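File shown: work_4.tsv. Contents: TSV, C-alpha atoms.
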```tsv
chain	number	residue	atom	x	y	z
T	17	MET	CA	35.56	35.67	-48.81
T	18	LYS	CA	33.64	33.43	-51.20
T	19	GLU	CA	32.83	29.78	-50.47
T	20	ARG	CA	35.00	28.41	-53.28
T	21	GLU	CA	38.00	30.47	-52.16
T	22	ALA	CA	37.59	29.33	-48.53
T	23	LEU	CA	37.31	25.66	-49.56
T	24	GLU	CA	40.47	25.98	-51.67
T	25	GLN	CA	42.29	27.64	-48.77
T	26	MET	CA	41.40	24.72	-46.51
T	27	ARG	CA	42.31	22.11	-49.17
T	28	ARG	CA	45.75	23.75	-49.45
T	29	GLY	CA	46.20	23.38	-45.69
T	30	GLN	CA	46.29	27.10	-44.98
T	31	PRO	CA	45.29	28.06	-41.42
T	32	VAL	CA	41.83	29.48	-40.86
T	33	LEU	CA	42.12	31.90	-37.97
T	34	ALA	CA	39.27	32.43	-35.51
T	35	GLY	CA	37.13	35.41	-36.52
T	36	SER	CA	38.59	35.63	-40.05
T	37	PRO	CA	36.44	35.77	-43.22
T	38	GLY	CA	37.37	32.13	-43.92
T	39	HIS	CA	36.18	31.18	-40.44
T	40	GLN	CA	32.84	32.86	-41.14
T	41	VAL	CA	32.49	30.82	-44.36
T	42	MET	CA	33.22	27.65	-42.34
T	43	HIS	CA	30.24	28.49	-40.12
T	44	GLU	CA	28.00	29.14	-43.14
T	45	LEU	CA	29.01	25.79	-44.68
T	46	ALA	CA	28.29	24.08	-41.36
T	47	GLN	CA	24.74	25.49	-41.28
T	48	GLU	CA	24.06	24.23	-44.81
T	49	ALA	CA	25.51	20.80	-43.92
T	50	LEU	CA	23.40	20.61	-40.74
T	51	LYS	CA	20.28	21.31	-42.77
T	52	LEU	CA	21.05	18.66	-45.41
T	53	THR	CA	22.15	16.01	-42.92
T	54	ALA	CA	18.96	16.60	-40.90
T	55	GLU	CA	16.98	15.87	-44.07
T	56	LEU	CA	19.11	12.80	-44.80
T	57	ASN	CA	18.99	11.39	-41.26
T	58	ASN	CA	15.44	12.03	-40.06
T	59	ALA	CA	13.33	10.04	-42.51
T	60	TYR	CA	13.53	6.88	-44.58
T	61	HIS	CA	14.98	7.40	-48.07
T	62	SER	CA	15.48	4.94	-50.90
T	63	PRO	CA	19.07	4.26	-52.00
T	64	GLU	CA	18.52	6.55	-55.00
T	65	GLN	CA	17.26	9.36	-52.74
T	66	ILE	CA	20.24	8.89	-50.40
T	67	ARG	CA	22.65	9.21	-53.33
T	68	ALA	CA	20.88	12.39	-54.49
T	69	LEU	CA	20.97	13.95	-51.01
T	70	PHE	CA	24.62	12.99	-50.48
T	71	SER	CA	25.52	14.45	-53.89
T	72	LYS	CA	23.81	17.69	-52.88
T	73	LEU	CA	25.68	17.68	-49.56
T	74	ILE	CA	29.11	17.28	-51.19
T	75	GLY	CA	28.29	19.51	-54.17
T	76	LYS	CA	29.20	16.93	-56.83
T	77	PRO	CA	27.93	13.60	-58.15
T	78	VAL	CA	28.84	10.46	-56.21
T	79	GLY	CA	30.57	7.58	-57.95
T	80	GLU	CA	28.65	4.70	-59.49
T	81	GLY	CA	27.66	2.10	-56.92
T	82	PHE	CA	27.92	4.50	-53.94
T	83	SER	CA	25.94	3.40	-50.89
T	84	LEU	CA	25.36	4.99	-47.48
T	85	PHE	CA	23.44	3.86	-44.39
T	86	PRO	CA	22.31	6.94	-42.42
T	87	PRO	CA	22.70	8.57	-40.02
T	88	PHE	CA	25.69	10.46	-41.40
T	89	HIS	CA	27.20	13.66	-40.00
T	90	THR	CA	29.47	16.37	-41.35
T	91	ASP	CA	30.03	20.02	-40.52
T	92	CYS	CA	31.11	20.93	-44.07
T	93	GLY	CA	30.46	18.36	-46.79
T	94	LYS	CA	31.82	20.31	-49.74
T	95	ASN	CA	35.37	18.92	-49.41
T	96	ILE	CA	34.36	15.24	-49.67
T	97	THR	CA	35.11	13.26	-52.85
T	98	VAL	CA	34.07	9.61	-53.21
T	99	GLY	CA	34.97	7.11	-55.92
T	100	LYS	CA	32.96	4.23	-57.35
T	101	ASN	CA	31.47	1.41	-55.26
T	102	VAL	CA	32.15	3.12	-51.95
T	103	PHE	CA	30.09	1.98	-48.93
T	104	ILE	CA	29.72	4.13	-45.80
T	105	ASN	CA	28.01	2.44	-42.86
T	106	ALA	CA	25.82	4.13	-40.21
T	107	CYS	CA	26.86	6.77	-37.66
T	108	CYS	CA	29.98	8.06	-39.42
T	109	CYS	CA	31.23	11.61	-38.85
T	110	PHE	CA	33.36	13.33	-41.49
T	111	GLN	CA	35.02	16.63	-40.57
T	112	ASP	CA	36.09	17.36	-44.12
T	113	GLN	CA	37.18	21.00	-44.21
T	114	GLY	CA	40.74	19.93	-45.06
T	115	GLY	CA	39.52	17.53	-47.75
T	116	ILE	CA	38.54	13.86	-47.67
T	117	THR	CA	39.10	11.67	-50.72
T	118	ILE	CA	37.84	8.07	-50.70
T	119	GLY	CA	39.00	5.72	-53.46
T	120	ASP	CA	37.01	3.17	-55.45
T	121	GLY	CA	35.80	0.03	-53.67
T	122	THR	CA	36.40	1.31	-50.13
T	123	LEU	CA	34.30	0.09	-47.19
T	124	ILE	CA	33.85	2.32	-44.14
T	125	GLY	CA	32.45	0.71	-40.98
T	126	HIS	CA	30.03	1.97	-38.33
T	127	GLY	CA	30.92	5.08	-36.37
T	128	VAL	CA	34.11	6.02	-38.22
T	129	VAL	CA	35.47	9.53	-37.61
T	130	LEU	CA	37.54	11.24	-40.30
T	131	ALA	CA	38.90	14.49	-38.82
T	132	THR	CA	40.81	16.93	-41.04
T	133	ILE	CA	41.07	19.86	-38.58
T	134	SER	CA	43.49	20.49	-35.73
T	135	HIS	CA	43.50	23.55	-33.47
T	136	GLY	CA	46.15	25.84	-32.02
T	137	PHE	CA	47.78	24.51	-28.83
T	138	PRO	CA	48.03	27.76	-26.77
T	139	PRO	CA	44.67	28.56	-25.14
T	140	ASP	CA	44.35	31.91	-26.91
T	141	GLU	CA	44.87	30.18	-30.29
T	142	ARG	CA	42.50	27.26	-29.66
T	143	GLY	CA	39.88	28.71	-32.02
T	144	ASP	CA	42.31	28.71	-34.96
T	145	ASN	CA	41.86	25.86	-37.44
T	146	TYR	CA	44.68	23.95	-39.16
T	147	PRO	CA	43.32	21.75	-41.96
T	148	ALA	CA	45.11	18.78	-43.53
T	149	PRO	CA	43.59	16.30	-46.00
T	150	ILE	CA	42.76	12.65	-45.46
T	151	VAL	CA	43.25	10.43	-48.52
T	152	ILE	CA	41.92	6.88	-48.49
T	153	GLY	CA	43.08	4.69	-51.38
T	154	ARG	CA	41.24	2.07	-53.40
T	155	ASN	CA	39.78	-1.12	-51.91
T	156	VAL	CA	40.46	-0.05	-48.33
T	157	TRP	CA	38.48	-1.44	-45.37
T	158	ILE	CA	38.12	0.93	-42.42
T	159	GLY	CA	36.84	-0.97	-39.37
T	160	SER	CA	34.09	0.26	-37.04
T	161	HIS	CA	34.81	3.10	-34.61
T	162	THR	CA	38.13	3.98	-36.20
T	163	THR	CA	39.39	7.57	-35.97
T	164	ILE	CA	41.64	8.90	-38.72
T	165	LEU	CA	43.44	12.16	-37.94
T	166	PRO	CA	44.42	15.13	-40.17
T	167	GLY	CA	46.98	14.63	-42.91
T	168	VAL	CA	46.80	10.81	-43.03
T	169	THR	CA	46.93	8.79	-46.26
T	170	ILE	CA	45.72	5.17	-46.25
T	171	GLY	CA	47.33	3.09	-49.01
T	172	ASP	CA	45.41	0.95	-51.50
T	173	GLY	CA	44.18	-2.38	-50.18
T	174	ALA	CA	44.92	-1.61	-46.52
T	175	ILE	CA	42.73	-2.68	-43.59
T	176	VAL	CA	42.33	-0.55	-40.46
T	177	ALA	CA	41.19	-2.65	-37.49
T	178	ALA	CA	38.13	-1.61	-35.51
T	179	GLY	CA	38.76	1.02	-32.85
T	180	ALA	CA	42.13	2.13	-34.21
T	181	VAL	CA	43.36	5.72	-34.01
T	182	VAL	CA	45.39	6.44	-37.14
T	183	ASN	CA	47.81	9.35	-36.77
T	184	ARG	CA	50.30	8.54	-39.55
T	185	ASP	CA	50.24	7.23	-43.11
T	186	VAL	CA	49.37	3.57	-43.69
T	187	PRO	CA	51.27	1.67	-46.43
T	188	PRO	CA	49.32	-0.24	-49.10
T	189	ASN	CA	48.15	-3.81	-48.43
T	190	VAL	CA	48.82	-3.95	-44.68
T	191	ILE	CA	46.58	-4.38	-41.63
T	192	VAL	CA	46.98	-1.75	-38.91
T	193	GLY	CA	45.39	-1.55	-35.47
T	194	GLY	CA	45.72	-0.07	-32.01
T	195	VAL	CA	46.08	3.35	-30.42
T	196	PRO	CA	48.05	4.75	-32.10
T	197	ALA	CA	47.69	2.39	-35.06
T	198	LYS	CA	50.70	0.26	-35.98
T	199	VAL	CA	51.28	-2.27	-38.74
T	200	ILE	CA	50.18	-5.75	-37.60
T	201	LYS	CA	50.81	-7.78	-40.76
T	202	ALA	CA	50.38	-7.85	-44.52
T	203	VAL	CA	46.94	-8.35	-46.02
T	204	PRO	CA	46.68	-12.04	-47.01
T	205	GLU	CA	46.72	-12.79	-50.70
T	206	ALA	CA	43.54	-14.06	-52.33
T	207	VAL	CA	42.70	-17.67	-51.52
T	208	SER	CA	42.21	-19.74	-54.66
T	209	HIS	CA	38.90	-21.41	-53.99
T	210	GLN	CA	35.37	-20.88	-55.17
T	211	ARG	CA	32.88	-19.42	-52.74
T	212	LYS	CA	29.50	-21.06	-52.62
T	213	ILE	CA	26.66	-18.60	-52.26
T	214	SER	CA	23.34	-20.23	-51.51
```
Could you quickly redo this structure as structure tokens?
Amino acid sequence: MKEREALEQMRRGQPVLAGSPGHQVMHELAQEALKLTAELNNAYHSPEQIRALFSKLIGKPVGEGFSLFPPFHTDCGKNITVGKNVFINACCCFQDQGGITIGDGTLIGHGVVLATISHGFPPDERGDNYPAPIVIGRNVWIGSHTTILPGVTIGDGAIVAAGAVVNRDVPPNVIVGGVPAKVIKAVPEAVSHQRKIS
């Protein structure tokens, strides 16, 4: 099975059974990602160098204004898509086999885990992989040490409080928090005052 075919299979949410050709491709992708993340994480790089390395890791150009503070970890990389002006803080871990899409203007805090793979429940099926995409809308703020589980969509403008575990879709323009995450309140509307920056 070719890499492109395996990535498409995972993006479509088709199971990847232990020992299958698709499973072998997953391992090959992981080795490539480990090599690139080791390069990214184990030396100082300028912002331009970080963008170039991250683009190589995901196999496509990053959006304008993209910024990342290493270290960053992934065991695939090729199913990540980021929009413009996205910021990813240090120590994040993206398990992106099922596909991770991050919309324009999104902020991702320290130590966030985005996990797109589940496994079979019976012990003899535990090695089977069940991918489902994570979609994060525009202008979302994901707080530090949040975990977002497979198949979740975060609506535009939403805020996920630090430490939340998100196991279901989040509507636009709300604040969610807790384990599992629940809606706390609506995102406040913009305050009409001028900020002084000195």
For this session: Using only C-alpha atoms, collect all residues at a distance of at most 12 Å from (45.3, 18.9, -41.0) as written in the file, then present them as a count of residues only.
Result: 36
Exercise. What's the 10 Å shell around Ser36 of chain T, counting only C-alpha atoms, without same-chain residues fewer than 5 positions away, as a list in words?
Worked result: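 The residues that qualify are Met17, Val41, Met42 and Asp144 of chain T.
Of note, atom CA of Ala49 of chain T and atom CA of Gly171 of chain T are spaced 28.6 Å apart.
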For this session: List the residues sitting within 9 Å of (37.0, 3.4, -54.0) in the file's frame, using only C-alpha atoms, as a VMD selection string.
Result: chain T and resid 79 98 to 103 118 to 123 152 to 156
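Proximity ranking of T:Phe70, T:Ile158, T:Phe137, T:Gly75 relative to Asn105 of chain T places T:Ile158 first, based on all atoms listed in the file.
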Exercise. Can you tell me how far atom CA of Leu33 of chain T sits from atom CA of Ile74 of chain T, in Å to one decimal?
Worked result: 23.6 Å
For this session: Tell me which protein, DNA and RNA residues are within 7 Å of His89 of chain T, counting all atoms listed in the file, leaving out same-chain ones fewer than 6 positions away, and put them as a PyMOL selection string.
Result: chain T and resi 53+108-110
For this session: Could you please determine the separation between atom CA of Leu56 of chain T and atom CA of Asp91 of chain T in Å, to one decimal place?
Result: 13.8 Å
For this session: Give me the residues within 8 Å of Ile200 of chain T as a VMD selection string, counting only C-alpha atoms and dropping any in the same chain fewer than 6 places off.
Result: chain T and resid 190 to 193
Problem set entry | For Leu69 of chain T: contacts at 12 Å, all atoms listed in the file, fewer than 3 positions along chain excluded, given as a list of chain:residue names | T:Ala49, T:Lys51, T:Leu52, T:Thr53, T:Ala54, T:Glu55, T:Leu56, T:Asn57, T:His61, T:Ser62, T:Pro63, T:Glu64, T:Gln65, T:Ile66, T:Lys72, T:Leu73, T:Ile74, T:Gly75, T:Lys76, T:Pro77, T:Val78, T:Ser83, T:Leu84, T:Pro86, T:Phe88, T:Gly93
Determine the axis-aligned bounding box of all atoms of segment 78-95 of chain T present in the file, pad each side by 5 Å, and express its centre and edge lengths in Å to one decimal place as JSON.
```
{"center_x": 28.8, "center_y": 11.5, "center_z": -49.7, "size_x": 23.1, "size_y": 28.8, "size_z": 29.5}
```
Problem set entry | Among listed residues T:Gly38, T:Gly127, T:Gly194, T:Pro87, nearest Ala177 of chain T (using all atoms listed in the file) | T:Gly194
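Of the residues listed (T:Ala106, T:Val203, T:Asn189, T:Ala68), T:Ala106 shows the shortest atom-to-atom separation from Phe85 of chain T; distances use all atoms listed in the file.
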